[in-house]
Every structure is written in C-alpha cells, then in structure tokens.
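Q: File entry_32.cif follows (mmCIF, C-alpha atoms):
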data_work
loop_
_atom_site.label_atom_id
_atom_site.label_comp_id
_atom_site.auth_asym_id
_atom_site.auth_seq_id
_atom_site.Cartn_x
_atom_site.Cartn_y
_atom_site.Cartn_z
CA MET A 24 0.00 0.00 0.00
CA ASN A 25 1.46 3.36 -0.96
CA SER A 26 0.80 6.89 0.21
CA ASN A 27 -1.20 7.74 -2.91
CA GLN A 28 -3.82 5.13 -2.03
CA VAL A 29 -4.05 6.51 1.49
CA LEU A 30 -4.37 10.07 0.19
CA THR A 31 -7.10 9.00 -2.22
CA LEU A 32 -9.04 7.39 0.61
CA TYR A 33 -8.45 10.47 2.78
CA ARG A 34 -9.76 12.77 0.07
CA SER A 35 -12.87 10.67 -0.54
CA LEU A 36 -13.60 10.61 3.18
CA LEU A 37 -13.36 14.41 3.33
CA ARG A 38 -15.47 14.87 0.19
CA GLU A 39 -18.21 12.62 1.52
CA SER A 40 -18.16 14.35 4.91
CA TYR A 41 -18.84 17.71 3.27
CA LYS A 42 -22.15 16.21 2.10
CA PHE A 43 -23.59 16.03 5.61
CA SER A 44 -26.24 18.71 5.77
CA SER A 45 -26.14 18.90 9.56
CA TYR A 46 -23.40 21.22 10.81
CA ASN A 47 -22.56 19.08 13.82
CA PHE A 48 -22.26 15.82 11.88
CA ARG A 49 -20.19 17.51 9.17
CA GLU A 50 -17.78 19.22 11.53
CA TYR A 51 -17.37 16.14 13.72
CA SER A 52 -16.70 13.94 10.75
CA LEU A 53 -14.13 16.30 9.23
CA ARG A 54 -12.43 16.75 12.59
CA ARG A 55 -12.33 13.02 13.32
CA ILE A 56 -10.90 12.17 9.88
CA THR A 57 -8.19 14.84 9.93
CA GLN A 58 -7.17 13.87 13.47
CA GLY A 59 -7.32 10.14 12.89
CA PHE A 60 -5.05 10.21 9.86
CA ARG A 61 -2.52 12.39 11.68
CA GLU A 62 -2.51 10.13 14.74
CA ASN A 63 -1.46 7.20 12.57
CA LYS A 64 0.69 8.93 10.00
CA ASN A 65 3.97 7.51 11.34
CA ILE A 66 2.93 3.87 11.39
CA GLN A 67 5.24 1.70 9.27
CA ASP A 68 3.92 -1.79 10.10
CA ASN A 69 2.23 -3.11 6.95
CA GLU A 70 -0.23 -5.35 8.75
CA LYS A 71 -1.40 -2.54 10.98
CA LEU A 72 -1.63 -0.21 7.97
CA SER A 73 -3.83 -2.52 5.95
CA GLN A 74 -6.05 -3.09 8.97
CA LEU A 75 -6.48 0.68 9.41
CA TYR A 76 -7.05 1.05 5.67
CA LYS A 77 -9.87 -1.49 5.80
CA GLU A 78 -11.44 0.22 8.78
CA ALA A 79 -11.33 3.56 6.98
CA GLN A 80 -12.94 2.01 3.90
CA ASN A 81 -15.79 0.75 6.07
CA ASP A 82 -16.10 4.19 7.63
CA LEU A 83 -16.31 5.71 4.16
CA GLN A 84 -19.31 3.51 3.40
CA VAL A 85 -20.90 4.50 6.72
CA ILE A 86 -20.36 8.20 5.96
CA LYS A 87 -21.83 7.80 2.47
CA ARG A 88 -24.98 6.17 3.84
CA GLN A 89 -25.37 8.54 6.74
CA ALA A 90 -24.84 11.64 4.57
CA VAL A 91 -27.71 10.55 2.33
CA ILE A 92 -29.98 9.82 5.29
CA ASN A 93 -28.94 13.10 6.91
CA SER A 94 -29.81 15.09 3.80
CA MET A 95 -33.33 13.62 3.87
CA TYR A 96 -33.92 15.15 7.27
CA SER A 97 -32.10 18.43 6.78
CA THR A 98 -33.16 21.45 8.77
CA GLN A 99 -32.47 25.16 8.57
CA LYS A 100 -28.87 26.30 8.77
CA LEU A 101 -27.56 27.15 12.20
CA VAL A 102 -26.56 30.67 13.17
CA VAL A 103 -22.89 29.66 13.25
CA GLU A 104 -22.94 28.70 9.58
CA MET B 25 -64.00 74.75 -2.56
CA ILE B 26 -64.42 71.35 -4.12
CA ARG B 27 -63.02 72.57 -7.39
CA SER B 28 -59.92 74.04 -5.79
CA THR B 29 -59.30 70.81 -3.85
CA PHE B 30 -59.64 68.82 -7.04
CA SER B 31 -57.18 71.01 -8.89
CA ALA B 32 -54.75 70.69 -6.01
CA ILE B 33 -54.97 66.88 -6.17
CA SER B 34 -54.67 66.76 -9.93
CA LYS B 35 -51.51 68.81 -9.68
CA PHE B 36 -49.96 65.93 -7.72
CA ALA B 37 -51.58 63.27 -9.82
CA GLN B 38 -49.56 64.15 -12.89
CA PRO B 39 -47.96 61.10 -14.44
CA THR B 40 -44.38 61.25 -13.21
CA PHE B 41 -42.88 58.13 -14.75
CA THR B 42 -40.60 58.58 -17.74
CA LEU B 43 -38.95 55.95 -19.83
CA GLN B 44 -35.20 55.84 -19.61
CA ALA B 45 -34.00 54.49 -22.89
CA SER B 46 -30.32 54.77 -22.12
CA THR B 47 -30.19 52.27 -19.23
CA THR B 48 -28.58 48.91 -19.93
CA TYR B 49 -29.68 47.57 -16.57
CA GLY B 50 -30.82 43.95 -16.66
CA VAL B 51 -29.20 43.02 -19.94
CA ARG B 52 -27.99 39.44 -19.83
CA TYR B 53 -25.70 37.77 -22.26
CA PHE B 54 -26.73 34.14 -22.44
CA GLY B 55 -24.16 32.01 -24.15
CA GLY B 56 -21.37 34.31 -23.04
CA ASP B 57 -18.23 32.86 -21.50
CA ALA B 58 -19.15 32.16 -17.88
CA ARG B 59 -15.59 31.39 -16.76
CA LEU B 60 -14.22 33.13 -13.74
CA GLY B 61 -11.63 35.84 -14.07
CA GLU B 62 -8.06 35.14 -13.07
CA LYS B 63 -8.14 37.83 -10.40
CA GLU B 64 -11.23 36.39 -8.72
CA ILE B 65 -9.83 32.84 -8.76
CA THR B 66 -6.54 34.03 -7.26
CA GLU B 67 -8.32 35.95 -4.52
CA ARG B 68 -10.58 33.06 -3.57
CA VAL B 69 -7.81 30.45 -3.61
CA VAL B 70 -5.56 32.61 -1.43
CA ASP B 71 -8.54 33.19 0.86
CA VAL B 72 -9.22 29.44 1.26
CA VAL B 73 -5.53 28.70 1.88
CA SER B 74 -5.09 31.46 4.45
CA LYS B 75 -8.19 30.28 6.33
CA TYR B 76 -6.53 26.91 6.93
CA ASP B 77 -5.62 26.54 10.62
CA LYS B 78 -1.93 25.73 10.19
CA VAL B 79 -1.37 28.68 7.87
CA ALA B 80 -2.75 31.16 10.39
CA GLY B 81 -0.40 34.09 10.85
CA LYS B 82 1.67 33.38 7.74
CA SER B 83 1.30 35.59 4.71
CA VAL B 84 -0.05 33.67 1.73
CA SER B 85 0.78 34.89 -1.76
CA PRO B 86 -0.39 33.27 -5.01
CA ASN B 87 3.21 32.17 -5.58
CA SER B 88 3.68 30.31 -2.30
CA THR B 89 4.00 26.54 -2.39
CA PHE B 90 2.34 24.33 0.20
CA LYS B 91 5.77 23.18 1.38
CA GLU B 92 6.86 26.76 2.05
CA LEU B 93 3.77 27.18 4.23
CA GLY B 94 4.83 24.15 6.28
CA LEU B 95 2.12 21.82 5.01
CA ASP B 96 2.44 18.06 4.43
CA SER B 97 0.55 15.91 1.95
CA LEU B 98 -2.43 15.45 4.31
CA ASP B 99 -2.69 19.22 4.77
CA SER B 100 -2.60 19.86 1.04
CA ALA B 101 -5.35 17.26 0.61
CA ASP B 102 -7.39 19.19 3.20
CA ILE B 103 -6.87 22.42 1.31
CA LEU B 104 -7.65 20.92 -2.09
CA VAL B 105 -10.94 19.45 -0.83
CA ALA B 106 -11.79 22.86 0.66
CA VAL B 107 -11.00 24.46 -2.72
CA GLU B 108 -13.23 21.87 -4.40
CA GLU B 109 -16.06 22.85 -2.05
CA GLU B 110 -15.46 26.57 -2.68
CA PHE B 111 -15.60 26.26 -6.47
CA GLY B 112 -18.12 23.41 -6.68
CA ILE B 113 -15.80 21.12 -8.63
CA GLU B 114 -14.08 17.80 -8.10
CA ILE B 115 -10.35 17.54 -8.77
CA PRO B 116 -9.47 14.04 -10.02
CA ASP B 117 -6.85 12.20 -7.97
CA GLU B 118 -4.15 12.20 -10.67
CA GLU B 119 -4.43 15.98 -10.90
CA ALA B 120 -4.66 16.47 -7.15
CA ASP B 121 -1.43 14.50 -6.63
CA LYS B 122 0.41 16.92 -8.91
CA ILE B 123 -0.82 20.11 -7.28
CA THR B 124 1.67 21.37 -4.71
CA SER B 125 1.28 25.16 -4.78
CA CYS B 126 -1.28 27.94 -4.89
CA LEU B 127 -0.28 28.78 -8.46
CA GLN B 128 -0.93 25.21 -9.67
CA THR B 129 -4.31 25.26 -7.93
CA ILE B 130 -5.19 28.54 -9.67
CA ASP B 131 -4.04 27.15 -13.04
CA TYR B 132 -6.16 24.04 -12.60
CA ILE B 133 -9.29 26.07 -11.79
CA LYS B 134 -8.59 28.39 -14.73
CA LYS B 135 -8.82 25.50 -17.16
CA THR B 136 -11.92 24.03 -15.47
CA PRO B 137 -15.00 25.55 -17.16
CA THR B 138 -17.46 24.26 -14.54
CA ALA B 139 -15.83 26.18 -11.67
CA LYS B 140 -18.18 28.69 -10.12
#
Translate the structure described by the file into structure tokens.
A:
Amino acid sequence: MNSNQVLTLYRSLLRESYKFSSYNFREYSLRRITQGFRENKNIQDNEKLSQLYKEAQNDLQVIKRQAVINSMYSTQKLVVE
Amino acid sequence: MIRSTFSAISKFAQPTFTLQASTTYGVRYFGGDARLGEKEITERVVDVVSKYDKVAGKSVSPNSTFKELGLDSLDSADILVAVEEEFGIEIPDEEADKITSCLQTIDYIKKTPTAK
C-alpha cells in the first residue's frame, strides 16, 4: 500500500463528509478524519496499515450512507454557519 | 371649494414616470463565457488557503508553495478538498497529486470551465 492510495481514501472521506447537511455531523466527521489520519501517520507496520485502511474504507461507506440519510432530514442552517 | 381641492390633487396626480432608454440595466448575455476571471480565482484560492488553521499568521501569496507554508501531503489534501467545495468542482486524484502550490491550484481552476 502506498501513500497515494491513502491520500485517495483520505480525500474521498473528506469529500463525503462535506455532504452532511447537519453542521454538527459535518464538523465532527471532518475533525475526526483529519485527526485520525494524523494520529497514525507515522505507522510503518504493513499489517497494521492494511487493517487501518480497511477500517477507513468501512467508515467511508458509513459516511456515504449517513450523509444521504442526513440530507433527507435536513433542517435550517444554524446561526454559526 | 371642491373645485380648488380637485385642482390641487390633480396637480400631484400628474404622471411622473418617464422611460429611460439609455439604461442597460438587466441586460444578460446568455451564451457568453461564464468562466471566472483570473483575479477572482486568485483571490478566492488565497482566501481558502489562508483560512486553513496551520497557515494562520503566515502571509499567503499566489506564488507560495504548500511546502513553504509548512504543510504536508495530508494538509494539502485538506486544502484541495476545501478548494473543491469553494468552487463546486471535483479535482481528479491524478491531478490532485500533482498540485503542490497555490499557483498550480489557480491554473487548474482556470482551465476548469465548470468552476463557479
């Protein structure tokens, strides 16, 4: 697994997170992704890397589903937006 | 009495609207080139980059590279996705891997007709 694959996954996670219509979901998701990737950016162990990669792929699917469901129940924008 | 009141009203009731033939207000050019100007793109890209947390306090110019600003590959991915959101486009991965500076970002948006 090379860094390009990881970056591609990272970018798709971010892109999908922007699709949350709820401010709190969107901000949490973006924050969690950016932090999570930085926590593990120095890991060299291949086995650990591929395990994390798989987890992130599953999370991407979760985010995709939840963003769609979230957009069905969207409300007015918050004052902070 | 009535007559004088009437004449007073009619003085105000004169039609006051005039047609202004010289105004070009509201003219729209459909089919015109809807691409963004270079200046606007530059401004908005620099704005997105300088809003990024890790860049706070540093001066961002259109010529600065992401490396100069102290950003790694994850940070540049953050910025590029934010730029995508700002302009309503999606930068394909092969292109995104090549972009390492503000100038390259601006160039990419310049040749993307769907950017808005």
Q: Could the residues of chain A that have an atom at most 7 Å from chain B be listed as a Markdown table, each with its closest atom pair and the distance in Å to one decimal, counting only C-alpha atoms and ordered by chain and ascending residue number?
A:
| residue | atom | partner | partner_atom | distance |
| --- | --- | --- | --- | --- |
| A:Thr31 | CA | B:Asp117 | CA | 6.6 |
| A:Arg34 | CA | B:Ala101 | CA | 6.3 |
| A:Leu37 | CA | B:Val105 | CA | 7.0 |
| A:Arg38 | CA | B:Val105 | CA | 6.5 |
Q: Mind telling me what the PyMOL selection byres ((chain A and resi 46-60) around 9) catches here, as a PyMOL selection string?
A: (chain A and resi 33+36-37+40-45+61-64+86+90+93+100-101+103-104) or (chain B and resi 98-99+102)
Q: I'd like the interatomic distance between CA of Thr136 (chain B) and CA of Asp77 (chain B), to a tenth of an Å.
A: 27.0 Å
Q: For Ile130 (chain B), find every residue with an atom within 7 Å (counting all atoms listed in the file), except residues of its own chain fewer than 5 positions away, and show them as a list in words.
A: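 Once the adjacent positions are removed, what remains is Ile65, Thr66 and Val69 of chain B.
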Q: Name the residues that the PyMOL selection byres ((chain A and resi 80) around 12) pulls out of this structure, and write them as a ChimeraX atom specification.
A: /A:28-29,31-36,56,73-79,81-87
Q: In Å to one decimal, how far is CA of Phe111 (chain B) from CA of Val91 (chain A)?
A: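 Taking CA of Val91 (chain A) as the start and CA of Phe111 (chain B) as the end point, the length is 21.7 Å.
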Q: For CA of Leu95 (chain B) and CA of Thr124 (chain B), determine how far apart the two atoms are, in Å to one decimal place.
A: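 We find that CA of Leu95 (chain B) and CA of Thr124 (chain B) lie 9.7 Å from each other.
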Q: Starting from the PyMOL selection byres ((chain B and resi 67) around 12), expand the selection into actual residues of this file and give them as a ChimeraX atom specification.
A: /B:60-66,68-74,84-86,107,110,126-127,129-130
Q: Produce a file of the selected residues containing C-alpha atoms, as a CSV table (one decimal), in the frame of the given file.
A:
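Output (out13.csv):
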chain,number,residue,atom,x,y,z
B,60,LEU,CA,-14.2,33.1,-13.7
B,61,GLY,CA,-11.6,35.8,-14.1
B,62,GLU,CA,-8.1,35.1,-13.1
B,63,LYS,CA,-8.1,37.8,-10.4
B,64,GLU,CA,-11.2,36.4,-8.7
B,65,ILE,CA,-9.8,32.8,-8.8
B,66,THR,CA,-6.5,34.0,-7.3
B,68,ARG,CA,-10.6,33.1,-3.6
B,69,VAL,CA,-7.8,30.4,-3.6
B,70,VAL,CA,-5.6,32.6,-1.4
B,71,ASP,CA,-8.5,33.2,0.9
B,72,VAL,CA,-9.2,29.4,1.3
B,73,VAL,CA,-5.5,28.7,1.9
B,74,SER,CA,-5.1,31.5,4.4
B,84,VAL,CA,0.0,33.7,1.7
B,85,SER,CA,0.8,34.9,-1.8
B,86,PRO,CA,-0.4,33.3,-5.0
B,107,VAL,CA,-11.0,24.5,-2.7
B,110,GLU,CA,-15.5,26.6,-2.7
B,126,CYS,CA,-1.3,27.9,-4.9
B,127,LEU,CA,-0.3,28.8,-8.5
B,129,THR,CA,-4.3,25.3,-7.9
B,130,ILE,CA,-5.2,28.5,-9.7
Q: Near Arg59 (chain B), counting only C-alpha atoms, which residues have an atom at most 8 Å away, once you skip same-chain residues fewer than 6 positions from it, shown as a ChimeraX atom specification?
A: /B:134,137-140
Q: I need the residue nearest Lys135 (chain B) from this list: B:Ile113, B:Ala80, B:Leu93, B:Ile103. Use all atoms listed in the file for the distance.
A: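 The shortest atom-to-atom distance to Lys135 (chain B) comes from B:Ile113.
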Q: Listed atoms of region 41-49 of chain A, axis-aligned box, 6 Å per side: centre and edge lengths to one decimal in Å, as JSON?
A:
{"center_x": -22.5, "center_y": 18.5, "center_z": 8.0, "size_x": 19.4, "size_y": 17.4, "size_z": 23.7}
